[in-house]
Amino acid sequence: MKGNGAFVKRAMVIGGGIAGISASLDLGNAGYDVVLVEKLPSIGGRMLQLSETFPTLDCAQCTLTPKTVETGQHPRIKLVTYSEVEGIEGKAGDFSVSIRRKAAYVDWERCTGCGLCQQKCPSKNPSEFDRGMGLGKAIYTLSPQAVPNKPVIDPSHCRYFKEGKCRVCEKICPVKAIDYEQKDRLVEERVGAIVVAVGFDLIPKESFGEYGYGELPDLIDGLAFERLNSASGPTTGEIRRPSDGKVPKEVVFIQCTGSRDPERYMPYCSRVCCMYTAKHARLYKHKVHDGQAYIFYMDIRSTGKGYEEFIQQGMEEEGILYLRGRVSRIFRDGEKLIVWGADTLTGRKVEVSADLVVLATAMTPRKEAKELAKKLGIEADDHGFLTEAERKLRPVETKVEGIYLAGCAQGPKDIADSVAHANAAASKVQALFAKH
Amino acid sequence: MRKLGVFICHCGVNIAGTVDVKSVAEEMGRVEDVAHSTDYIYMCSEPGQQIIREAIREKGLEGVVVACCSPSMHENTFRKAVKSQGMNPYLCEIANIREQCSWVHQKDREEATRKAAEIILATLEKVRKNESLEPIAMAIDRRVLVIGGGIAGMTAALDLAEGGYGVVLIEREPGLGGHMAQLSRTFPDLDPALPGLVAKASAVERHPKINLLCYSELEDVKGYVGNFDLTVRKKATLVDWEKCNGCGDCIRDCPVEYASPFERGLGMRKAIDLFYPDSVPSKPVIDREHCQYFLDKGCRRCEEICPKKAINFAQKDERIELKAGAIVVATGYELYPMERLGEYGYGQIPDVIDGLAFERMLSPNGPTRGKILRPSDGKVPKEMVFIQCVASRDPDRYMPYCSRVCCMYTAKHASFYKEQVPDGQPYIFYMDIRSDCKGYEEFLQKTIEERGLLYLRGRVSRVFQDDGKVRVLGVDTLTGRMVEVAADMVVLATAIVPSPGVKDLAAKLRATVDRHGFLTEAHIKLYPVESSTKGIYLAGCGQSPKDISDTVSQASATASKIQALLSTDKLLQDPLIAFVDEGICSGCGICVEICPYEAREMDRRRGISVVHEALCQGCGACIAACPNFACELRNSSASQTLRMVDTFVA
């Protein structure tokens, strides 16, 4: 596609999570061509890691997979996964974006997604998708329901790349799709507008000295607890603690870990932790009826539709114990984790001897977000969240015409707000295209 | 005999955790005409759909039952999947074994498994007799009606107009802006609310694609997605806006003054006046309730003074007929009335005001020109109490939900107060501090530190007038002590409630509301801006409390959805509608009376009742009402239904 001066009515969406998917589907359904660029081998983003979602407790897979499938099959959406934006030039109506397509070491044109290679791969390594709790293979897809359902080889774990032998996947592949010689490729896409939906990360639990620098195996973060709850997770949905596989009888949830703490961590509120912690505690109680859930909190923030009611139900009907206060220290004592905190309502010190501790760690921007912002010529705040043109009346626009924001890349938000934000970005793109 | 397939979804553990899916799959495999029966962890995923597609191809299936969640979730997903293999999509049916089985029988695996099998067997009965059907294609109207001219409605209207679609924006008040026009400055950036708002309102007024109808209300709606027929009542302004040049002479000379609702009763307005001083459009209306001419036929000063002869006391309400393909409902909110709050003095204490009244006080164009003066005697209050969560988060007495914006605006209010009255002391009673959006926590922390705001965590039990003061009795739950403040003025952050009349409007639109009157979205995550009625979209606080930024996003989101809807030439509708056996119909007309969608009509010539295919929603009311069993629903015939019932009672 060569530039001929015409306004290109084709959009790029960077990031294939629920925000990027929502924006892409809106634009595709409105009749515009979309290039959806995703860093990972398949789309779905963080939401794919979740078990059930608040406040309805619908399973995340059930709400998301039809959207990933629709995106994958959409005649107007071109999926460019396992790829990152390398550089960008031009202006609204005529952006030229160069994209690095990372070497998958698998010829996706040939691959049928049969999964044999993954079954036979002898390498076992902690799965990042399962937050290190399950074992993954060196040739992998993110889930059996991945879109596209094509594997990639991780050279840092692959025996052939590390030791020069193995090649089991190559031998087993019925369509000869394995290609160890594959190289990264640079491709160009010409688009008229860009939606940036690169999502979020969590502060690593290793950052918290007072909570044992991530050295305590039974101290996990919120996303890890999601994986423990997921039918597709490492315990097929049973709540079992990582160290010994036992069902935890006392679980402590700690909200605001790394959030609202301007001196040491992030000054902002991460917006979703109050709700997902309440959900975690409720799901835990659904599965471990005689278990006790404690939640340490600063303020309970349940501001969305039906959220307050959800929290109240957890407290009143499911016997979840809320303690208002911060936790000062967590340490191991035999098989238990001792949690020291304060209950600011009674003014007393609290000590809980827990089997499992779940930290609601702060949401942060993706570490590459700042650099991407630089490439795009848009602004990011000190933390790396991308800056909107005007907070109230222009929440999805940036200072650059033709570049829009969607979802948590702009700031922490829940799924419903991310979806609305993404739809809004799509609306702005449509208006831009309609003008030309 | 049709070859049928049964596909049972685990839904992770949602179904498989309660129902023994393997044994049900085996049992279904033994049914005579079931050629294929299997289960999978997520049937709606790509590999799940692939299993269905392959089975159709390889086993030559002629009908499919997917046992999974409610059809409202994924009926469409699976119908698309079977269609890709050339099967008529209406030969695929959903057996709901999640909402109607596994979720409600979590404690009884055996019974749940038995029930799941029965639900599937019954659905097989239905599929055996299903007909192949084609969707009904309908022409669509590309115009959009937006109801409500607040920030949500204006944003949706502008996005749609910019996208090239014609918009009719109707607003009940004489001007645009809604509640945002009452605000002073907005959190967390503290910039004035009015300039941005007025710029937007002017853009709406000027936009060639937007037909702005102020002082207008939706009176009647007929039709369906793509083809709504609307009647709008344009209320008589008693001023000919075509002639009026907005000079303001009439307002200046009008002798009648009364408490202005826009100023929350703190300021006055004239009987002929603008919606508010900077209102767009800048045209006045006459309030019949207060105008001297309508009270005793006297006065007519405005008529005399008007240089354009625009006053028209004889003007009548006007009815305008319109068409639209989609509707955005952006009807906004109101605050919980103080008159119903006994513990705060039933709105009778002059120095107890609500958040919007305080906004008016803070506004440079407000009744005190931005000065904080207490209403009773105009003194500067030295001790101020702000009370959050008034009537919110109080399921036993008021509203159970959180109103989402009060924590932030109260912090803002207290901060402005300290700025104006540096030696004054603000107290804020709160339950939890909720500052959960971008920059909010930082704003709050900074405000508390810089302004020395005193936050007290606890509820207030009583507020009463005592010797020129307003006494506030409360508790501080952090110290466990009772607190009593002798305040000069009290600001209540009262709950956000849906704006009045929204229930009636929803009934006209056949949209649903929750028990509080907030409009209900089709699905909180999948379809957050769609209502459960096709073609009706929701924006802003009419759906639930939200701040300006989220309202704007949501409003733009509706515009995006509507553009996708209207970008096609023809709209396809499910053909699962009523049909009439012309040989049996006696033409009694009961169905015509009972149909809520006006889809039934008498064919006088033939003496029978007919179905308007585009209007029929397949609700089944006429089928139940027909005394002769002359009408049936496509693919839900009486014989199909009876066979399904037989399965359960057998």
# chains A, B, ... in the order shown; residues from 1 in each chain; ligands from 1
call {"tool": "select_by_dssp", "arguments": {"residues": "stretch 152-296 of chain B", "states": "alpha helix (DSSP H)", "output": "MDAnalysis selection string"}}
result
chainID B and resid 152:162 193:206 249:253 292:296
call {"tool": "residues_around", "arguments": {"residues": "stretch 374-382 of chain B", "least_positions_apart": "3", "cutoff": "7 Å", "atoms": "only C-alpha atoms", "output": "NGL selection string"}}
result
:B and (350-351 or 424-425 or 488-489)
call {"tool": "atom_distance", "arguments": {"atom1": "atom CA of A:Gly132", "atom2": "atom CA of A:Gly45"}}
result
16.9 Å
call {"tool": "interface_residues", "arguments": {"of": "chain B", "to": "chain A", "cutoff": "7 Å", "atoms": "only C-alpha atoms", "output": "PyMOL selection string"}}
result
chain B and resi 12-13+44-47+77+159+162-164+400-404+432-434+436-439+441-442+477-478+524-526+528+544+548-549+552-554+556-557+559-561+563-564+567
call {"tool": "closest_residue", "arguments": {"among": "B:Cys595, B:Ile272, B:Ala161, B:Ile349", "to": "B:Val470", "atoms": "only C-alpha atoms"}}
result
B:Ile349
call {"tool": "closest_residue", "arguments": {"among": "B:Arg510, B:Phe358, B:Leu576, B:Asp191", "to": "B:Tyr537", "atoms": "only C-alpha atoms"}}
result
B:Arg510
call {"tool": "residues_around", "arguments": {"residues": "A:Pro41", "least_positions_apart": "3", "cutoff": "8 Å", "atoms": "only C-alpha atoms", "output": "ChimeraX atom specification"}}
result
/A:38,81-82,141-142,148,150-152
